[in-house]
Amino acid sequence: MSACRACGDTDLRRVLDLGRMPAADDFPLADTLVGPGETGYPLAMDLCVACGLAQLAEDDTDTAEPRGVEPEALRDQAAAAVALVRSDGWLRGATVREFGSPHGGSWLPRLAEHGFTVEADGADVVLDCFGIMHEPDQRAAFLLRARATAPDGVLLLQFHSLHAIVRQRQWNALRHGHFAYYSLTTLVRLLRGVGMSVATAWEFDLYGGTVLIAAVHGVREPDAAVRAILAAEAGLTDAAVVGELQTSAERHASSLRRRLEHESDSGRVVYAYGAASRAVALFGAAGIHRGLVRAVADASPAKQGRRMPGTDVPIIAPAQLVRSRPDRVLLTLPDLLPELELRFPELSGRWMSAEYAAQNEETYR
């Protein structure tokens, strides 16, 4: 990118560069070999000095993402969010429009329970739950959502917080197809640019930290919840701060690789759970292969029978994972743990999160 995807400024700073990685959404069939061009896509994050937007530097991938299964954690969070928004008086009017995410999930059934009907233009409530980050042209995406919101309506927009990504060193949140990574500080600026103001916000633990905002047309002073988040984000638009993700990526990948080699050398069999798109960079950076991780289980039938991009690691059904009785199960998505512990009691005590595995090297040095 030569200019910011949102404001058009050309002062961009590289804050994270993972080199060449497989396309995050391309899961080849399990019986195919890794092709010479499969790992050849640049994956880097730039930060705009002018507006503070962290963004995918470039994306020359062109893939059709296999449909995933919406996790229970995401469904529970959506229900909690709708209840909060309604109790705080922001679920008003009678019409709704949703800008969906390619990862699936929808809030429309929940709003239908409250009498809302779908409206294409000028809706009283406009929803965007992790959808806008998939738009290459961020300026156009914000304009579209502002125009879809009625003059007295509200835009409800939920995003994975850049503050949480940096604070928790979630470097592999960077992936192809995700063009923007937002702080609330930057969102306030971008929405102001299309004539809207952030009125209030709610925080959730999902993905280590997500924020849901309510934005309205015109100028409106932010409430205490918004001011608190903005204060916590102080300094987050500094390239040096976001650039700490580079060190985190290098340390995490090498530590995870050493942990898996230790498990293998000790005769323990390791499988993984969660063939998520964010696990693609994790596997690529750590150089994971079948000698370290036998297979990855995933609930999505569309991914079963395929393999992790850029690797020889197959994707299997959860039932196959249980039958294999592995010594360890590397969990690529920590939010899934409560759900998986209930569904698979046979695997109790064998779960090992990717983050924990990489941060506890002293146990196997």
# chains A, B, ... in the order shown; residues from 1 in each chain; ligands from 1

call {"tool": "closest_atom_pairs", "arguments": {"of": "range 55-147 of chain A", "to": "range 174-186 of chain A", "cutoff": "10 Å", "atoms": "only C-alpha atoms", "output": "tab-separated table"}}
result
residue	atom	partner	partner_atom	distance
A:Gln55	CA	A:Ala180	CA	4.3
A:Leu56	CA	A:Phe179	CA	4.7
A:Ala57	CA	A:Phe179	CA	8.0
A:Glu58	CA	A:His176	CA	8.3
A:Asp59	CA	A:His176	CA	6.1
A:Asp60	CA	A:His176	CA	8.6
A:Thr61	CA	A:His176	CA	7.3
A:Asp62	CA	A:Gly177	CA	9.2
A:Thr63	CA	A:Gly177	CA	9.5
A:Glu65	CA	A:Gly177	CA	9.8
A:Pro102	CA	A:Gly177	CA	9.9
A:Phe130	CA	A:His178	CA	9.6
A:Gly131	CA	A:His178	CA	9.4
A:Ile132	CA	A:Ala180	CA	8.1
A:Met133	CA	A:Ala180	CA	4.9
A:His134	CA	A:His178	CA	4.9
A:Glu135	CA	A:Phe179	CA	6.3
A:Pro136	CA	A:Phe179	CA	5.6
A:Asp137	CA	A:Phe179	CA	8.5
A:Gln138	CA	A:Ala180	CA	7.8

call {"tool": "select_by_dssp", "arguments": {"residues": "range 216-350 of chain A", "states": "strand (DSSP E)", "output": "PyMOL selection string"}}
result
chain A and resi 216-217+270-273+296-297+315-316+328-331

call {"tool": "select_by_dssp", "arguments": {"residues": "range 143-284 of chain A", "states": "alpha helix (DSSP H)", "output": "PyMOL selection string"}}
result
chain A and resi 143-148+162-167+184-192+224-232+239-242+244-265+278-284

call {"tool": "residues_around", "arguments": {"residues": "Gly40 in chain A", "least_positions_apart": "3", "cutoff": "12 Å", "atoms": "only C-alpha atoms", "output": "PyMOL selection string"}}
result
chain A and resi 18-24+34-37+43+59-61+284+309-310

call {"tool": "residues_around", "arguments": {"residues": "Asp9 in chain A", "least_positions_apart": "2", "cutoff": "9 Å", "atoms": "only C-alpha atoms", "output": "PyMOL selection string"}}
result
chain A and resi 2-7+11-12+48-51

call {"tool": "residues_around", "arguments": {"residues": "Thr247 in chain A", "least_positions_apart": "4", "cutoff": "10 Å", "atoms": "only C-alpha atoms", "output": "list in words"}}
result
Leu16, Arg169, Trp171, Gly243, Arg251 and His252 of chain A

call {"tool": "write_last_selection", "arguments": {"atoms": "C-alpha atoms", "output": "PDB file, in the first residue's frame"}}
result
ATOM      1  CA  LEU A  16       4.967  -6.139  11.762  1.00  0.00           C
ATOM      2  CA  ARG A 169       1.006  -9.977  21.965  1.00  0.00           C
ATOM      3  CA  TRP A 171       0.659 -11.014  16.529  1.00  0.00           C
ATOM      4  CA  GLY A 243       5.879  -2.467  16.543  1.00  0.00           C
ATOM      5  CA  ARG A 251       9.840 -15.022  20.267  1.00  0.00           C
ATOM      6  CA  HIS A 252       6.480 -16.793  20.226  1.00  0.00           C
TER       7      HIS A 252
END
